[in-house]
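Everything on this sheet refers to the single structure shown next.
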Amino acid sequence: MKKKRLLGTLESRGELLGLEWSHIDLEKGIVQIKQIITRSSGGRPILKGPKSRNSIRVISLPPMMVEELKKYHIHWKKEKMRMRDMWIEHEHEFVFCNENGKHYYPTTPTTWWKRFAERSGVRFIRLHDLRQTSATLLINKGVHAKIISERLGHSNIRITMDTYGHALQTADQEAANKLDSLFTRQKNSI
């Protein structure tokens with residue numbers, strides 16, 4: 001499973017780490033964001049609800065990601081069966097977990113991402129930047145800012161507008177260019 005694809009959709013690594021199989025409907029192609037794993041003030045990982053009411057949300061997944069998750073779910077089940085008694089997590093079924101079923105430590109995805117970038121010769125960017133890239137790409141594809149705001153779990157559209165205003169301005173210029181091309185074609189055909 002390409003974890004970075006899912007990371008671009010979710011708010012943070014905490015949402016990714018808190019994700020359980022019961023939160024994913026592979027038939028409908030949706031994921032429910034209900035909880036996160038973060039570090040407490042003492043540095044220990046804790047499972048809790050997302051940071052705001054708007055962060056609790058349902059997100060539609062691209063069909064490609066649904067297919068990846070289906071394959072990964074089969075792999076996950078096989079690993080759980082292979083581990084048998086060494087699988088010690090019985091209360092939660094974390095999508096991304098250690099070989100014993102327990103959730104990953106909150107900094108694990110960042111560590112993995114850094115190592116992957118170094119091995120692959122890919123320029124390192126923060127995982128949170130994948131979220132920003134996802135939002136910018138959606139804006140550039142013409143997705144309405146309200147939909148993007150809801151997918152990101154922003155409390156209101158203004159946060160999205162303020163955060164991604166530069167991309168919205170570019171998209172607005174592209175819209176103006178398209179209008180211009182409509183009028184230019186009509187003028188030439190008269």
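In the structure tokens, the first chain shown is A, the next is B, and so on; residue numbers restart at 1 for each chain, and ligands run from 1 in the order shown.
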Please produce, as JSON lines, a per-residue contact table for stretch 37-79 of chain A versus stretch 88-108 of chain A (criterion: any atom at most 9 Å away, only C-alpha atoms considered), showing the nearest atom pair and its distance in Å to one decimal, sorted by chain then residue number.
```
{"residue": "A:Ile37", "atom": "CA", "partner": "A:Pro106", "partner_atom": "CA", "distance": 6.5}
{"residue": "A:Thr38", "atom": "CA", "partner": "A:Pro106", "partner_atom": "CA", "distance": 5.7}
{"residue": "A:Arg39", "atom": "CA", "partner": "A:Pro106", "partner_atom": "CA", "distance": 6.6}
{"residue": "A:Arg44", "atom": "CA", "partner": "A:Tyr105", "partner_atom": "CA", "distance": 8.5}
{"residue": "A:Pro45", "atom": "CA", "partner": "A:Tyr105", "partner_atom": "CA", "distance": 6.4}
{"residue": "A:Tyr72", "atom": "CA", "partner": "A:Val95", "partner_atom": "CA", "distance": 8.9}
{"residue": "A:His73", "atom": "CA", "partner": "A:Val95", "partner_atom": "CA", "distance": 7.9}
{"residue": "A:Trp76", "atom": "CA", "partner": "A:Val95", "partner_atom": "CA", "distance": 7.8}
{"residue": "A:Glu79", "atom": "CA", "partner": "A:Glu99", "partner_atom": "CA", "distance": 7.5}
```
Can you spit out the residues from that selection as an mmCIF file, in the first residue's frame, using all heavy atoms?
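Writing done, so here's again14.cif:
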```cif
data_model
loop_
_atom_site.group_PDB
_atom_site.id
_atom_site.type_symbol
_atom_site.label_atom_id
_atom_site.label_comp_id
_atom_site.auth_asym_id
_atom_site.auth_seq_id
_atom_site.Cartn_x
_atom_site.Cartn_y
_atom_site.Cartn_z
ATOM 1 N N ILE A 37 -3.804 9.253 16.696
ATOM 2 C CA ILE A 37 -2.797 8.859 17.680
ATOM 3 C C ILE A 37 -1.769 9.966 17.696
ATOM 4 O O ILE A 37 -1.234 10.366 16.666
ATOM 5 C CB ILE A 37 -2.150 7.507 17.346
ATOM 6 C CG1 ILE A 37 -3.211 6.409 17.461
ATOM 7 C CG2 ILE A 37 -0.965 7.235 18.269
ATOM 8 C CD1 ILE A 37 -2.731 5.028 17.134
ATOM 9 N N THR A 38 -1.548 10.503 18.870
ATOM 10 C CA THR A 38 -0.609 11.602 19.034
ATOM 11 C C THR A 38 0.209 11.351 20.290
ATOM 12 O O THR A 38 -0.023 10.385 21.014
ATOM 13 C CB THR A 38 -1.365 12.953 19.098
ATOM 14 O OG1 THR A 38 -0.439 14.016 19.046
ATOM 15 C CG2 THR A 38 -2.252 13.050 20.324
ATOM 16 N N ARG A 39 1.151 12.244 20.538
ATOM 17 C CA ARG A 39 1.952 12.114 21.764
ATOM 18 C C ARG A 39 1.355 12.990 22.850
ATOM 19 O O ARG A 39 0.963 14.129 22.605
ATOM 20 C CB ARG A 39 3.394 12.547 21.511
ATOM 21 C CG ARG A 39 4.160 11.541 20.682
ATOM 22 C CD ARG A 39 5.619 11.842 20.641
ATOM 23 N NE ARG A 39 5.866 13.057 19.878
ATOM 24 C CZ ARG A 39 7.062 13.528 19.622
ATOM 25 N NH1 ARG A 39 8.135 12.916 20.066
ATOM 26 N NH2 ARG A 39 7.212 14.626 18.923
ATOM 27 N N ARG A 44 4.278 10.021 25.575
ATOM 28 C CA ARG A 44 3.699 8.695 25.315
ATOM 29 C C ARG A 44 2.582 8.818 24.277
ATOM 30 O O ARG A 44 1.844 9.799 24.273
ATOM 31 C CB ARG A 44 3.152 8.093 26.603
ATOM 32 C CG ARG A 44 4.264 7.845 27.621
ATOM 33 C CD ARG A 44 3.848 7.029 28.819
ATOM 34 N NE ARG A 44 3.087 5.846 28.542
ATOM 35 C CZ ARG A 44 3.593 4.650 28.193
ATOM 36 N NH1 ARG A 44 4.895 4.509 28.059
ATOM 37 N NH2 ARG A 44 2.812 3.617 27.981
ATOM 38 N N PRO A 45 2.434 7.821 23.413
ATOM 39 C CA PRO A 45 1.357 7.881 22.425
ATOM 40 C C PRO A 45 -0.006 7.702 23.084
ATOM 41 O O PRO A 45 -0.151 6.910 24.007
ATOM 42 C CB PRO A 45 1.665 6.722 21.482
ATOM 43 C CG PRO A 45 2.631 5.852 22.190
ATOM 44 C CD PRO A 45 3.278 6.657 23.269
ATOM 45 N N TYR A 72 -4.054 -4.450 0.374
ATOM 46 C CA TYR A 72 -3.360 -4.315 1.650
ATOM 47 C C TYR A 72 -4.141 -5.007 2.774
ATOM 48 O O TYR A 72 -3.547 -5.599 3.666
ATOM 49 C CB TYR A 72 -3.115 -2.840 1.976
ATOM 50 C CG TYR A 72 -2.378 -2.639 3.273
ATOM 51 C CD1 TYR A 72 -1.059 -3.054 3.405
ATOM 52 C CD2 TYR A 72 -3.008 -2.058 4.361
ATOM 53 C CE1 TYR A 72 -0.375 -2.897 4.604
ATOM 54 C CE2 TYR A 72 -2.338 -1.895 5.562
ATOM 55 C CZ TYR A 72 -1.023 -2.316 5.677
ATOM 56 O OH TYR A 72 -0.358 -2.162 6.864
ATOM 57 N N HIS A 73 -5.470 -4.938 2.721
ATOM 58 C CA HIS A 73 -6.291 -5.572 3.756
ATOM 59 C C HIS A 73 -6.080 -7.082 3.747
ATOM 60 O O HIS A 73 -5.992 -7.717 4.811
ATOM 61 C CB HIS A 73 -7.757 -5.221 3.564
ATOM 62 C CG HIS A 73 -8.606 -5.524 4.747
ATOM 63 N ND1 HIS A 73 -9.929 -5.844 4.645
ATOM 64 C CD2 HIS A 73 -8.326 -5.581 6.083
ATOM 65 C CE1 HIS A 73 -10.432 -6.082 5.855
ATOM 66 N NE2 HIS A 73 -9.477 -5.918 6.733
ATOM 67 N N TRP A 76 -2.770 -7.633 5.335
ATOM 68 C CA TRP A 76 -2.898 -7.377 6.771
ATOM 69 C C TRP A 76 -3.492 -8.591 7.479
ATOM 70 O O TRP A 76 -3.011 -9.022 8.530
ATOM 71 C CB TRP A 76 -3.756 -6.127 6.972
ATOM 72 C CG TRP A 76 -3.908 -5.669 8.381
ATOM 73 C CD1 TRP A 76 -3.144 -4.746 9.028
ATOM 74 C CD2 TRP A 76 -4.905 -6.087 9.330
ATOM 75 N NE1 TRP A 76 -3.593 -4.565 10.312
ATOM 76 C CE2 TRP A 76 -4.675 -5.384 10.525
ATOM 77 C CE3 TRP A 76 -5.959 -6.983 9.281
ATOM 78 C CZ2 TRP A 76 -5.461 -5.550 11.655
ATOM 79 C CZ3 TRP A 76 -6.745 -7.152 10.414
ATOM 80 C CH2 TRP A 76 -6.486 -6.437 11.586
ATOM 81 N N GLU A 79 -0.997 -11.421 7.689
ATOM 82 C CA GLU A 79 0.008 -11.153 8.721
ATOM 83 C C GLU A 79 -0.550 -11.412 10.113
ATOM 84 O O GLU A 79 0.126 -11.967 10.971
ATOM 85 C CB GLU A 79 0.525 -9.712 8.615
ATOM 86 C CG GLU A 79 1.443 -9.485 7.439
ATOM 87 C CD GLU A 79 2.683 -10.369 7.508
ATOM 88 O OE1 GLU A 79 3.415 -10.304 8.511
ATOM 89 O OE2 GLU A 79 2.911 -11.138 6.547
#
```
Of the residues A:Ile125, A:Leu152, A:Asp85, A:Glu174, which is the one nearest to A:Val58, using only C-alpha atoms?
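Using only C-alpha atoms, A:Val58 sits closest to A:Leu152.
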In chain A, what's helix (DSSP H, G or I) per DSSP? Answer as number ranges by chain?
A: 3-9, 13-18, 21-23, 53-55, 63-86, 108-120, 127-140, 145-152, 157-163, 165-189
Take the selection from the previous step and output its residues with C-alpha atoms, as a compact mmCIF listing (two decimals), in the first residue's frame.
```txt
# COMPACT_ATOMS: atom_id res chain seq x y z
CA LYS A 3 1.10 5.08 2.42
CA LYS A 4 2.03 8.43 0.93
CA ARG A 5 -1.14 8.40 -1.24
CA LEU A 6 -3.34 8.02 1.81
CA LEU A 7 -1.25 10.55 3.70
CA GLY A 8 -2.02 13.17 1.10
CA THR A 9 -5.71 12.69 1.80
CA ARG A 13 0.13 11.23 10.40
CA GLY A 14 -2.00 11.07 13.58
CA GLU A 15 -5.11 10.43 11.49
CA LEU A 16 -3.29 7.80 9.49
CA LEU A 17 -2.05 6.05 12.63
CA GLY A 18 -5.49 6.16 14.29
CA TRP A 21 -10.32 -1.14 9.34
CA SER A 22 -13.80 -0.54 10.77
CA HIS A 23 -13.45 3.10 9.66
CA ARG A 53 -15.52 18.74 15.49
CA ASN A 54 -14.90 19.40 11.78
CA SER A 55 -11.93 17.05 11.81
CA PRO A 63 -10.91 4.05 -6.93
CA MET A 64 -7.16 3.44 -7.32
CA MET A 65 -6.70 3.87 -3.56
CA VAL A 66 -9.64 1.57 -2.80
CA GLU A 67 -7.99 -1.16 -4.90
CA GLU A 68 -4.67 -0.65 -3.07
CA LEU A 69 -6.46 -0.84 0.29
CA LYS A 70 -8.25 -4.05 -0.71
CA LYS A 71 -4.91 -5.68 -1.52
CA TYR A 72 -3.36 -4.32 1.65
CA HIS A 73 -6.29 -5.57 3.76
CA ILE A 74 -5.70 -9.12 2.47
CA HIS A 75 -2.00 -8.78 3.32
CA TRP A 76 -2.90 -7.38 6.77
CA LYS A 77 -5.20 -10.34 7.52
CA LYS A 78 -2.53 -12.83 6.43
CA GLU A 79 0.01 -11.15 8.72
CA LYS A 80 -2.42 -11.25 11.65
CA MET A 81 -3.03 -14.97 11.07
CA ARG A 82 0.69 -15.63 10.71
CA MET A 83 1.45 -13.91 14.03
CA ARG A 84 -1.27 -15.85 15.91
CA ASP A 85 -0.59 -15.55 19.66
CA MET A 86 2.06 -12.87 19.15
CA THR A 108 7.35 6.44 12.87
CA PRO A 109 5.83 7.66 9.55
CA THR A 110 8.18 10.65 9.47
CA THR A 111 11.18 8.41 10.13
CA TRP A 112 10.14 6.03 7.36
CA TRP A 113 9.44 8.90 4.95
CA LYS A 114 12.90 10.41 5.57
CA ARG A 115 14.60 7.05 4.98
CA PHE A 116 12.57 6.46 1.81
CA ALA A 117 13.44 9.90 0.45
CA GLU A 118 17.15 9.36 1.14
CA ARG A 119 17.22 5.87 -0.43
CA SER A 120 15.23 6.96 -3.45
CA LEU A 127 4.50 14.65 5.39
CA HIS A 128 2.15 17.55 6.07
CA ASP A 129 3.33 19.04 2.77
CA LEU A 130 1.77 16.05 0.98
CA ARG A 131 -1.56 17.24 2.35
CA GLN A 132 -0.89 20.72 1.01
CA THR A 133 0.15 19.30 -2.35
CA SER A 134 -3.08 17.30 -2.49
CA ALA A 135 -5.15 20.43 -1.80
CA THR A 136 -3.27 22.46 -4.40
CA LEU A 137 -3.67 19.75 -7.04
CA LEU A 138 -7.41 19.57 -6.34
CA ILE A 139 -7.70 23.34 -6.68
CA ASN A 140 -5.82 23.20 -9.98
CA ALA A 145 -12.79 25.16 -2.31
CA LYS A 146 -15.72 24.14 -0.06
CA ILE A 147 -15.24 20.47 -0.98
CA ILE A 148 -11.48 20.75 -0.38
CA SER A 149 -12.14 22.44 2.96
CA GLU A 150 -14.41 19.58 4.05
CA ARG A 151 -11.94 16.91 2.90
CA LEU A 152 -9.18 18.58 4.90
CA ILE A 157 -13.79 27.56 4.20
CA ARG A 158 -11.92 30.73 5.16
CA ILE A 159 -9.02 28.63 6.53
CA THR A 160 -8.80 26.88 3.17
CA MET A 161 -9.00 30.17 1.29
CA ASP A 162 -6.32 31.77 3.47
CA THR A 163 -4.01 28.75 3.33
CA GLY A 165 -5.09 31.50 -1.70
CA HIS A 166 -2.05 31.45 -3.98
CA ALA A 167 -3.32 28.32 -5.73
CA LEU A 168 -6.85 29.72 -5.90
CA GLN A 169 -5.48 32.87 -7.55
CA THR A 170 -3.72 30.74 -10.18
CA ALA A 171 -6.91 28.76 -10.77
CA ASP A 172 -8.85 32.04 -11.08
CA GLN A 173 -6.39 33.27 -13.72
CA GLU A 174 -6.83 30.01 -15.63
CA ALA A 175 -10.60 30.52 -15.50
CA ALA A 176 -10.17 34.03 -16.92
CA ASN A 177 -7.99 32.63 -19.72
CA LYS A 178 -10.66 30.05 -20.55
CA LEU A 179 -13.29 32.78 -20.72
CA ASP A 180 -11.02 34.78 -22.99
CA SER A 181 -10.57 31.80 -25.29
CA LEU A 182 -14.35 31.40 -25.53
CA PHE A 183 -14.77 34.98 -26.69
CA THR A 184 -11.72 34.83 -28.96
CA ARG A 185 -13.04 31.76 -30.79
CA GLN A 186 -16.47 33.33 -31.26
CA LYS A 187 -14.97 36.57 -32.57
CA ASN A 188 -12.82 34.68 -35.10
CA SER A 189 -15.76 32.60 -36.34
```
